[in-house]
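Listing of data.cif; format and content: mmCIF, C-alpha atoms.
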data_coords
#
loop_
_atom_site.label_atom_id
_atom_site.label_comp_id
_atom_site.auth_asym_id
_atom_site.auth_seq_id
_atom_site.Cartn_x
_atom_site.Cartn_y
_atom_site.Cartn_z
CA MET A 1 33.80 -67.06 11.76
CA LYS A 2 33.75 -65.64 15.30
CA HIS A 3 34.65 -62.19 13.94
CA LEU A 4 31.95 -62.50 11.33
CA SER A 5 29.30 -63.13 13.98
CA LYS A 6 30.45 -60.12 16.00
CA ALA A 7 30.35 -57.91 12.94
CA LEU A 8 26.89 -59.13 12.07
CA ALA A 9 25.65 -58.50 15.62
CA PHE A 10 27.12 -55.00 15.63
CA GLY A 11 25.54 -54.17 12.29
CA LEU A 12 22.14 -55.40 13.35
CA ALA A 13 22.34 -53.41 16.58
CA ALA A 14 23.29 -50.22 14.75
CA ALA A 15 20.49 -50.69 12.25
CA ALA A 16 18.03 -51.27 15.09
CA VAL A 17 19.11 -48.07 16.86
CA PHE A 18 18.81 -45.95 13.72
CA THR A 19 15.49 -47.50 12.85
CA ALA A 20 14.20 -46.81 16.36
CA CYS A 21 15.31 -43.20 16.10
CA ALA A 22 13.55 -42.88 12.80
CA ALA A 23 10.37 -44.37 14.19
CA ALA A 24 10.47 -42.11 17.27
CA ALA A 25 11.04 -39.01 15.18
CA THR A 26 8.26 -39.96 12.83
CA LEU A 27 5.99 -40.47 15.82
CA ALA A 28 6.87 -36.97 17.10
CA VAL A 29 5.75 -35.43 13.83
CA GLY A 30 2.37 -37.06 14.09
CA SER A 31 1.87 -36.30 17.75
CA THR A 32 2.92 -32.64 17.67
CA SER A 33 0.50 -31.86 14.90
CA LEU A 34 -2.22 -32.49 17.45
CA SER A 35 -1.05 -30.16 20.19
CA ALA A 36 0.85 -26.90 20.37
CA GLY A 37 3.87 -26.30 22.49
CA ASN A 38 5.32 -29.80 22.23
CA ALA A 39 8.94 -29.68 23.15
CA GLY A 40 9.84 -31.36 19.90
CA VAL A 41 8.46 -28.50 17.75
CA ALA A 42 9.97 -25.08 17.36
CA LYS A 43 7.73 -22.00 17.56
CA CYS A 44 8.46 -18.48 16.44
CA THR A 45 6.05 -16.63 18.75
CA SER A 46 4.09 -17.20 21.94
CA SER A 47 1.30 -14.66 21.48
CA LEU A 48 -0.54 -12.74 18.77
CA ALA A 49 -3.19 -9.99 18.79
CA ALA A 50 -5.47 -8.86 16.01
CA THR A 51 -7.47 -5.80 15.08
CA ARG A 52 -10.18 -5.72 12.45
CA ASN A 53 -11.84 -3.28 10.11
CA VAL A 54 -15.52 -3.08 9.29
CA ASP A 55 -17.68 -1.57 6.60
CA ASN A 56 -20.47 0.84 7.47
CA SER A 57 -22.91 -2.00 8.05
CA GLY A 58 -20.59 -3.53 10.64
CA LYS A 59 -19.36 -6.46 8.56
CA VAL A 60 -15.74 -7.50 9.06
CA THR A 61 -13.73 -6.50 6.00
CA GLN A 62 -10.26 -7.44 7.17
CA VAL A 63 -8.28 -8.69 10.13
CA ASN A 64 -4.83 -7.32 10.80
CA VAL A 65 -2.23 -9.10 12.87
CA ALA A 66 0.85 -6.98 13.54
CA GLY A 67 3.87 -7.28 15.79
CA ILE A 68 4.71 -10.79 14.62
CA PRO A 69 8.37 -11.70 15.26
CA THR A 70 10.53 -11.78 12.15
CA ALA A 71 11.34 -15.42 12.99
CA CYS A 72 7.82 -16.20 11.72
CA SER A 73 8.44 -14.61 8.31
CA GLY A 74 7.13 -16.74 5.48
CA GLU A 75 5.00 -18.92 7.70
CA THR A 76 1.25 -19.32 7.24
CA LEU A 77 -1.08 -17.68 9.74
CA SER A 78 -4.69 -18.81 9.90
CA VAL A 79 -7.21 -16.70 11.81
CA THR A 80 -10.64 -17.91 12.86
CA LEU A 81 -13.34 -15.46 13.90
CA VAL A 82 -14.84 -17.00 17.00
CA GLY A 83 -18.42 -16.38 18.08
CA SER A 84 -20.70 -17.46 20.88
CA GLY A 85 -20.08 -20.97 22.14
CA ASN A 86 -16.69 -20.95 20.41
CA ALA A 87 -18.43 -21.26 17.04
CA ALA A 88 -16.19 -20.62 14.05
CA LEU A 89 -17.84 -17.77 12.12
CA GLY A 90 -15.21 -17.64 9.41
CA THR A 91 -11.60 -18.55 8.75
CA GLY A 92 -8.93 -17.01 6.59
CA SER A 93 -5.19 -17.31 6.20
CA GLY A 94 -2.23 -15.41 4.91
CA THR A 95 1.53 -15.56 4.68
CA VAL A 96 3.52 -13.67 7.28
CA GLY A 97 5.23 -10.89 5.43
CA SER A 98 5.66 -7.12 5.42
CA CYS A 99 8.57 -7.47 7.79
CA GLY A 100 10.54 -4.60 9.24
CA THR A 101 11.42 -4.86 12.88
CA SER A 102 8.35 -7.11 13.05
CA CYS A 103 5.97 -8.67 10.54
CA SER A 104 2.27 -8.37 9.84
CA VAL A 105 -0.51 -10.17 8.04
CA THR A 106 -3.74 -8.79 6.63
CA ILE A 107 -6.52 -11.25 5.90
CA THR A 108 -9.46 -10.11 3.82
CA SER A 109 -11.41 -13.28 3.10
CA PHE A 110 -13.07 -15.50 5.69
CA GLY A 111 -15.30 -17.70 3.59
CA ALA A 112 -18.38 -15.98 4.96
CA THR A 113 -19.78 -12.54 5.72
CA VAL A 114 -19.31 -11.97 9.43
CA SER A 115 -20.89 -9.27 11.57
CA ALA A 116 -18.34 -7.71 13.93
CA THR A 117 -20.96 -7.73 16.67
CA ASN A 118 -20.89 -11.53 16.68
CA VAL A 119 -17.11 -11.83 16.88
CA LEU A 120 -16.11 -12.52 20.47
CA GLY A 121 -12.52 -13.49 19.81
CA TYR A 122 -9.88 -14.78 17.45
CA SER A 123 -8.17 -18.14 17.19
CA PHE A 124 -4.72 -18.26 15.63
CA GLY A 125 -2.76 -21.05 14.03
CA LEU A 126 0.78 -20.58 12.78
CA THR A 127 2.50 -23.22 10.69
CA GLY A 128 5.58 -23.16 8.58
CA ALA A 129 8.69 -24.92 7.51
CA MET B 130 20.75 -72.94 -7.16
CA ARG B 131 24.05 -71.38 -6.39
CA ARG B 132 24.71 -70.80 -2.69
CA LEU B 133 25.91 -67.34 -1.72
CA ARG B 134 29.01 -67.51 0.35
CA LEU B 135 29.26 -65.11 3.25
CA THR B 136 32.73 -63.79 2.90
CA PRO B 137 34.06 -61.05 5.22
CA ARG B 138 34.07 -58.61 2.30
CA ARG B 139 30.42 -59.24 1.49
CA VAL B 140 29.49 -58.92 5.16
CA ALA B 141 31.28 -55.57 5.35
CA ILE B 142 29.45 -54.29 2.27
CA LEU B 143 26.10 -55.49 3.62
CA LEU B 144 26.75 -53.86 6.99
CA ALA B 145 27.75 -50.56 5.43
CA ALA B 146 24.64 -50.54 3.25
CA THR B 147 22.32 -51.38 6.16
CA VAL B 148 23.81 -48.76 8.45
CA GLY B 149 23.74 -46.15 5.68
CA VAL B 150 20.09 -46.70 4.85
CA SER B 151 19.05 -46.73 8.52
CA ALA B 152 21.01 -43.57 9.28
CA GLY B 153 19.47 -41.85 6.25
CA VAL B 154 15.97 -42.69 7.34
CA ALA B 155 16.68 -41.54 10.87
CA TYR B 156 18.18 -38.26 9.69
CA ALA B 157 15.30 -37.55 7.31
CA ALA B 158 12.74 -38.18 10.02
CA THR B 159 14.57 -35.98 12.51
CA LEU B 160 14.89 -33.23 9.91
CA SER B 161 11.13 -33.16 9.32
CA VAL B 162 10.51 -32.75 13.05
CA THR B 163 12.73 -29.76 13.57
CA SER B 164 11.86 -27.97 10.35
CA TRP B 165 8.15 -27.50 11.20
CA HIS B 166 6.92 -24.62 13.34
CA LEU B 167 3.54 -25.07 14.92
CA TRP B 168 1.76 -22.67 17.26
CA ALA B 169 -1.82 -22.05 18.25
CA GLY B 170 -3.27 -19.25 20.37
CA SER B 171 -6.35 -17.17 20.95
CA GLN B 172 -7.54 -13.68 21.82
CA THR B 173 -10.75 -12.84 23.66
CA LEU B 174 -12.60 -9.60 22.95
CA THR B 175 -14.60 -7.49 25.39
CA LYS B 176 -17.81 -5.89 24.13
CA SER B 177 -19.27 -2.68 25.50
CA THR B 178 -21.37 0.37 24.62
CA CYS B 179 -20.53 4.06 24.91
CA THR B 180 -23.23 6.71 24.55
CA LEU B 181 -22.18 10.31 23.96
CA GLN B 182 -24.74 13.08 24.33
CA PRO B 183 -24.58 15.92 23.64
CA SER B 184 -22.05 16.43 20.90
CA THR B 185 -18.80 18.01 22.02
CA THR B 186 -19.03 20.76 19.41
CA ASP B 187 -21.70 21.65 16.90
CA THR B 188 -22.76 24.56 14.77
CA TYR B 189 -24.15 25.45 11.38
CA VAL B 190 -22.89 27.76 8.67
CA THR B 191 -24.82 29.84 6.18
CA GLN B 192 -23.79 30.57 2.63
CA ALA B 193 -25.95 33.69 2.67
CA ALA B 194 -23.88 35.03 5.58
CA PRO B 195 -20.45 33.55 4.86
CA GLY B 196 -18.63 35.33 7.68
CA GLY B 197 -21.17 34.59 10.41
CA SER B 198 -21.02 31.86 13.07
CA ASN B 199 -23.84 30.16 14.95
CA GLY B 200 -22.06 28.06 17.58
CA SER B 201 -24.30 29.14 20.46
CA ALA B 202 -27.63 28.58 18.69
CA ALA B 203 -30.11 26.08 20.16
CA THR B 204 -30.92 24.74 16.70
CA MET B 205 -28.95 24.02 13.53
CA LEU B 206 -30.07 24.31 9.95
CA VAL B 207 -29.55 22.24 6.85
CA ARG B 208 -30.82 24.08 3.82
CA SER B 209 -30.97 23.39 0.15
CA ASN B 210 -31.46 26.63 -1.61
CA THR B 211 -30.54 27.91 -5.03
CA ASN B 212 -29.54 31.16 -3.37
CA GLY B 213 -27.41 29.55 -0.70
CA GLN B 214 -27.05 26.44 1.42
CA ASP B 215 -26.80 25.86 5.17
CA TRP B 216 -24.58 23.12 6.52
CA THR B 217 -24.63 21.63 10.02
CA PHE B 218 -21.50 20.31 11.75
CA VAL B 219 -21.35 17.94 14.73
CA TYR B 220 -18.33 16.51 16.52
CA PHE B 221 -18.02 14.02 19.38
CA ASP B 222 -14.88 13.58 21.46
CA LEU B 223 -14.50 9.83 22.00
CA SER B 224 -11.88 10.10 24.74
CA SER B 225 -14.42 9.66 27.56
CA CYS B 226 -15.28 6.24 26.13
CA ALA B 227 -11.69 5.12 26.83
CA ILE B 228 -11.66 2.75 23.86
CA PRO B 229 -8.07 1.65 23.09
CA THR B 230 -6.76 2.19 19.58
CA THR B 231 -6.59 -1.59 19.23
CA GLY B 232 -10.37 -1.72 19.63
CA GLY B 233 -13.00 -1.09 17.01
CA ALA B 234 -16.61 -0.12 16.45
CA ASP B 235 -19.08 -2.95 15.88
CA THR B 236 -21.80 -0.39 15.15
CA ALA B 237 -22.05 3.37 15.57
CA THR B 238 -25.22 5.40 15.22
CA LEU B 239 -25.52 9.17 15.01
CA THR B 240 -28.92 10.45 16.07
CA LEU B 241 -30.20 13.97 15.51
CA PHE B 242 -33.53 15.39 16.59
CA ILE B 243 -35.53 17.26 13.97
CA THR B 244 -37.41 20.11 15.61
CA SER B 245 -38.80 21.40 12.32
CA ALA B 246 -39.10 19.10 9.31
CA PRO B 247 -39.31 20.27 5.68
CA GLY B 248 -42.60 20.18 3.79
CA THR B 249 -41.37 17.31 1.65
CA SER B 250 -38.97 14.63 2.82
CA ARG B 251 -35.34 15.38 2.05
CA THR B 252 -32.21 13.27 1.90
CA ILE B 253 -29.50 14.51 4.24
CA THR B 254 -25.93 13.59 3.36
CA VAL B 255 -23.55 12.88 6.25
CA THR B 256 -19.91 13.46 5.32
CA PRO B 257 -16.90 12.98 7.61
CA VAL B 258 -14.82 16.10 8.22
CA LEU B 259 -11.11 15.38 8.04
CA THR B 260 -9.75 18.64 9.47
CA SER B 261 -10.49 20.23 12.82
CA TRP B 262 -12.94 23.08 13.33
CA THR B 263 -14.53 24.97 16.22
CA ASN B 264 -18.04 26.17 16.95
CA SER B 265 -17.09 29.60 15.61
CA LEU B 266 -16.82 28.04 12.14
CA THR B 267 -18.04 30.21 9.26
CA TRP B 268 -19.22 29.32 5.77
CA THR B 269 -16.04 30.77 4.36
CA ALA B 270 -13.82 28.71 6.68
CA ALA B 271 -15.89 25.59 5.99
CA GLN B 272 -14.86 25.79 2.33
CA SER B 273 -11.25 25.19 3.37
CA LEU B 274 -11.94 22.09 5.43
CA SER B 275 -11.18 18.63 4.06
CA TYR B 276 -14.02 16.16 3.72
CA GLY B 277 -14.08 12.41 3.37
CA SER B 278 -15.31 10.70 0.24
CA THR B 279 -17.39 8.08 2.02
CA THR B 280 -20.80 9.33 3.00
CA THR B 281 -24.01 8.03 4.44
CA THR B 282 -27.51 9.43 4.22
CA PHE B 283 -30.84 9.53 6.01
CA THR B 284 -34.23 10.93 5.10
CA THR B 285 -35.92 13.62 7.13
CA GLY B 286 -39.57 12.74 6.66
CA THR B 287 -42.02 15.56 7.17
CA THR B 288 -42.85 15.20 10.87
CA ASN B 289 -41.62 17.71 13.40
CA ASN B 290 -40.00 16.59 16.67
CA THR B 291 -38.68 13.25 15.52
CA ALA B 292 -35.28 11.65 15.97
CA LYS B 293 -33.43 10.48 12.87
CA SER B 294 -30.39 8.25 12.76
CA ALA B 295 -27.49 7.62 10.44
CA THR B 296 -25.09 4.69 10.56
CA VAL B 297 -21.54 5.94 10.89
CA THR B 298 -19.78 2.71 11.86
CA VAL B 299 -16.92 2.92 9.40
CA ASP B 300 -16.08 6.50 10.40
CA VAL B 301 -16.13 5.76 14.13
CA ASP B 302 -14.13 2.55 13.66
CA ALA B 303 -11.44 4.58 11.90
CA LEU B 304 -11.64 7.24 14.61
CA ILE B 305 -11.09 4.66 17.35
CA LYS B 306 -7.97 3.38 15.62
CA ASN B 307 -6.72 6.90 14.92
CA PRO B 308 -8.18 9.66 17.12
CA SER B 309 -7.24 12.30 14.55
CA ALA B 310 -8.69 10.42 11.58
CA SER B 311 -11.73 12.71 11.44
CA PHE B 312 -13.48 15.53 13.28
CA GLY B 313 -17.15 14.80 13.18
CA TRP B 314 -19.55 15.17 10.30
CA ARG B 315 -21.07 17.72 7.98
CA LEU B 316 -24.77 17.44 7.22
CA SER B 317 -25.90 18.86 3.92
CA ASP B 318 -28.85 18.74 1.56
CA THR B 319 -27.72 18.75 -2.03
CA GLY B 320 -31.15 18.04 -3.47
CA SER B 321 -32.90 20.41 -5.81
CA GLY B 322 -35.39 23.03 -4.70
CA ASN B 323 -35.60 25.03 -1.51
CA ALA B 324 -36.02 23.17 1.78
CA THR B 325 -34.86 23.61 5.35
CA THR B 326 -34.46 21.00 8.07
CA THR B 327 -33.92 22.24 11.63
CA PHE B 328 -32.06 20.08 14.17
CA ALA B 329 -31.64 20.50 17.93
CA SER B 330 -28.07 21.42 18.89
CA SER B 331 -26.03 20.74 22.02
CA ASN B 332 -27.40 24.06 23.31
CA ASN B 333 -30.98 22.89 23.09
CA GLY B 334 -32.95 23.28 26.31
CA THR B 335 -34.22 19.70 26.17
CA ALA B 336 -31.28 17.45 26.94
CA ASN B 337 -32.53 14.31 25.22
CA ARG B 338 -32.99 16.21 21.95
CA ARG B 339 -29.31 17.03 21.67
CA PRO B 340 -27.11 15.17 19.17
CA GLN B 341 -26.22 11.66 20.27
CA LEU B 342 -23.63 9.09 19.21
CA VAL B 343 -24.00 5.47 20.37
CA ILE B 344 -20.99 3.21 19.86
CA ASN B 345 -21.06 -0.54 20.33
CA TYR B 346 -17.45 -1.52 20.40
CA GLU B 347 -14.92 -4.25 21.09
CA LYS B 348 -11.57 -4.07 22.80
#
What is this file in structure tokens?
Amino acid sequence: MKHLSKALAFGLAAAAVFTACAAAATLAVGSTSLSAGNAGVAKCTSSLAATRNVDNSGKVTQVNVAGIPTACSGETLSVTLVGSGNAALGTGSGTVGSCGTSCSVTITSFGATVSATNVLGYSFGLTGA
Amino acid sequence: MRRLRLTPRRVAILLAATVGVSAGVAYAATLSVTSWHLWAGSQTLTKSTCTLQPSTTDTYVTQAAPGGSNGSAATMLVRSNTNGQDWTFVYFDLSSCAIPTTGGADTATLTLFITSAPGTSRTITVTPVLTSWTNSLTWTAAQSLSYGSTTTTFTTGTTNNTAKSATVTVDVDALIKNPSASFGWRLSDTGSGNATTTFASSNNGTANRRPQLVINYEK
């Protein structure tokens, strides 16, 4: 009976440890989705830069992001056209592909017609499995 | 109700099951953490304006005198004529604007000064020139140049000494990204009938009448 108690105690302790690990890991998923650069989340790049094309009336027709590391291949890149006061003028996304020594993404739809004059910057979000 | 006896064998099975399930949950949760990549960043653009005046090179060519050049003339002609056309060419070197190839034009406006307007308003077609040329260009040589398919237009009106503008944003944006994408524009009048529009050139005595290109850009 003494051995039985020890075995039961050991089993409960092991289950508690595994359960705690599971809870902690689950918590890390939720918390890292709120902030970039969390040590618990891998990232495939630390910087991106975009160029854009316009039509003759100065409306943005596409945004091109090149020089993306091949480690990001297959991930989803979202680009937001940022205007005055950090207003989101339009957002589009694409899958990182066209990889040689590096990858690129071309995004042609932003959910709105955006004048290049009003675009003061880009905001990037990269997610992937 | 039958009482379940806790034998060592049953305890061992229960322990193994509990540990297995717990370990599985822990592993699955850990796996989902490490398999997701998340990154966010931003890029800030700088806006500026570059005004080029006069044009770096300009001239006009005459179908009636196919071997002649007019690069030093103070005015340039655009003529629609059943017996022969005149075409005007203007080119601006963007290098003094120092816009990086990663930049782009937000807007670009080509302005030409009409010193002598036609009797009836005409539509002038502005076509990008895709091969290089000099101010000694002739009508004959102009036939061998390559021209872009995308054009823009403006109307002359009938008033002398007025400035007229054409939007050339898409051409200048492409030129910023690739400095050899094009070499200025050809102005032509393909309408019917005979009409001549006269523009001030870079050799014009009045500086503010010379061809001008204003670029609002980002970098």
**Asked** Can you find the residues with an atom no farther than 6 Å from (3.3, -6.4, 12.3), counting all atoms listed in the file, and report them as number ranges by chain?
**Response** A: 66-68, 102-104
**Request:** Point out the residue among A:Val63, A:Ile107, A:Cys99, A:Val119 with the least atom-to-atom distance to chain B, counting only C-alpha atoms.
**Result:**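 Once distances to chain B are computed over only C-alpha atoms, the minimum belongs to A:Val119.
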**Request:** Write out as a PyMOL selection string each polymer residue whose atoms come within 8 Å of stretch 244-254 of chain B, counting all atoms listed in the file; drop sequence neighbours fewer than 6 positions from it.
**Result:** chain B and resi 280-291+315-320+324-329
**Prompt:** Which of these residues is nearest to chain B, using all atoms listed in the file: A:Val114, A:Ala49, A:Leu89, A:Leu77?
**Reply:** A:Ala49
**Item:** Residue members of the PyMOL selection byres ((chain B and resi 220-231) around 7) in the file shown, as a ChimeraX atom specification
**Value:** /A:51 /B:179,184-187,218-219,232-233,305-307,312-314,348
How would the residues just chosen look if you wrote them out with C-alpha atoms as a PDB file, in the frame of the given file?
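This went into again05.pdb:
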ATOM      1  CA  THR A  51      -7.470  -5.800  15.080  1.00  0.00           C
TER       2      THR A  51
ATOM      3  CA  CYS B 179     -20.530   4.060  24.910  1.00  0.00           C
ATOM      4  CA  SER B 184     -22.050  16.430  20.900  1.00  0.00           C
ATOM      5  CA  THR B 185     -18.800  18.010  22.020  1.00  0.00           C
ATOM      6  CA  THR B 186     -19.030  20.760  19.410  1.00  0.00           C
ATOM      7  CA  ASP B 187     -21.700  21.650  16.900  1.00  0.00           C
ATOM      8  CA  PHE B 218     -21.500  20.310  11.750  1.00  0.00           C
ATOM      9  CA  VAL B 219     -21.350  17.940  14.730  1.00  0.00           C
ATOM     10  CA  GLY B 232     -10.370  -1.720  19.630  1.00  0.00           C
ATOM     11  CA  GLY B 233     -13.000  -1.090  17.010  1.00  0.00           C
ATOM     12  CA  ILE B 305     -11.090   4.660  17.350  1.00  0.00           C
ATOM     13  CA  LYS B 306      -7.970   3.380  15.620  1.00  0.00           C
ATOM     14  CA  ASN B 307      -6.720   6.900  14.920  1.00  0.00           C
ATOM     15  CA  PHE B 312     -13.480  15.530  13.280  1.00  0.00           C
ATOM     16  CA  GLY B 313     -17.150  14.800  13.180  1.00  0.00           C
ATOM     17  CA  TRP B 314     -19.550  15.170  10.300  1.00  0.00           C
ATOM     18  CA  LYS B 348     -11.570  -4.070  22.800  1.00  0.00           C
TER      19      LYS B 348
END
**Asked** Hey, which of A:Cys44, A:Thr127, A:Gly58, A:Thr91 ends up closest to B:Ile344? Count all atoms listed in the file.
**Response**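 Result for the nearest residue to B:Ile344: A:Gly58.
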**Request:** Give as a list of chain:residue names every residue, naming chains and numbers as the document does, that has an atom within 12 Å of (-32.9, 16.0, 23.3), counting only C-alpha atoms.
**Result:**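 Output: B:Gln182, B:Pro183, B:Ser184, B:Ala203, B:Thr204, B:Thr240, B:Leu241, B:Phe242, B:Ile243, B:Thr244, B:Asn290, B:Thr291, B:Ala292, B:Lys293, B:Phe328, B:Ala329, B:Ser330, B:Ser331, B:Asn332, B:Asn333, B:Gly334, B:Thr335, B:Ala336, B:Asn337, B:Arg338, B:Arg339, B:Pro340, B:Gln341.
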**Request:** Compare B:Thr298, B:Ser171, B:Thr178, B:Thr136 by their minimum atom-to-atom distance to A:Leu120, counting all atoms listed in the file, and give me the closest one.
**Result:**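 Selected residue with least distance to A:Leu120: B:Ser171.
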**Which residue of B:Thr269, B:Gln172, B:Asn345, B:Thr260 approaches B:Ala194 most closely, using all atoms listed in the file** = B:Thr269
**Message:** Report, in Å with one decimal, the straight-line distance from atom CA of B:Tyr189 to atom CA of B:Asn323.
**Reply:**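 Atom CA of B:Asn323 lies at a distance of 17.2 Å from atom CA of B:Tyr189.
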**Among the residues B:Ser311, B:Thr238, B:Ser294, B:Ser201, the one that comes closest to chain A [using only C-alpha atoms]** = B:Thr238
**Asked** So how far away is atom CA of A:Thr45 from atom CA of A:Gly94, in Å?
**Response** 16.2 Å
**Request:** For A:Asn64, list every protein, DNA or RNA residue within 6 Å, evaluated using all atoms listed in the file, and leave out those in the same chain fewer than 6 positions away; present the list as a PyMOL selection string.
**Result:** chain A and resi 50-52+105-106
**Complete:** What separates atom CA of A:Gly85 and atom CA of A:Ser115 is a distance of 15.8 Å
**Request:** Show which residues sit within 10 Å of A:Thr76, as a ChimeraX atom specification. Count all atoms listed in the file, and ignore same-chain residues fewer than 4 positions away.
**Result:** /A:72,93-97,105,125-129 /B:166-167
**Request:** Specify as a ChimeraX atom specification each residue included when the PyMOL selection byres ((chain B and resi 169) around 6) is applied to this file.
**Result:** /A:36,124-125 /B:168,170
Picked residues, the PyMOL selection byres ((chain B and resi 213) around 6), as a PDB file with C-alpha atoms, in the frame of the given file:
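The new file expr.pdb reads:
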ATOM      1  CA  GLN B 192     -23.790  30.570   2.630  1.00  0.00           C
ATOM      2  CA  ALA B 193     -25.950  33.690   2.670  1.00  0.00           C
ATOM      3  CA  ASN B 210     -31.460  26.630  -1.610  1.00  0.00           C
ATOM      4  CA  THR B 211     -30.540  27.910  -5.030  1.00  0.00           C
ATOM      5  CA  ASN B 212     -29.540  31.160  -3.370  1.00  0.00           C
ATOM      6  CA  GLN B 214     -27.050  26.440   1.420  1.00  0.00           C
TER       7      GLN B 214
END
Grab all the atoms of stretch 50-59 of chain A that the file lists, wrap them in a box along x, y and z, add 3 Å per side, and give me centre plus edge lengths in Å (one decimal) as AutoDock Vina command-line options.
--center_x -14.2 --center_y -4.0 --center_z 11.3 --size_x 23.4 --size_y 15.7 --size_z 15.4
**Message:** At a cut-off of 9 Å, using only C-alpha atoms, what residues contact B:Gly196? Leave out same-chain residues fewer than 3 positions from it and give the result as number ranges by chain.
**Reply:** B: 190-192, 266-270
Atoms kept (C-alpha atoms) for selection, written as a compact mmCIF listing (two decimals), in the frame of the given file:
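The result, stored in again_33.txt:
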# COMPACT_ATOMS: atom_id res chain seq x y z
CA VAL B 190 -22.89 27.76 8.67
CA THR B 191 -24.82 29.84 6.18
CA GLN B 192 -23.79 30.57 2.63
CA LEU B 266 -16.82 28.04 12.14
CA THR B 267 -18.04 30.21 9.26
CA TRP B 268 -19.22 29.32 5.77
CA THR B 269 -16.04 30.77 4.36
CA ALA B 270 -13.82 28.71 6.68
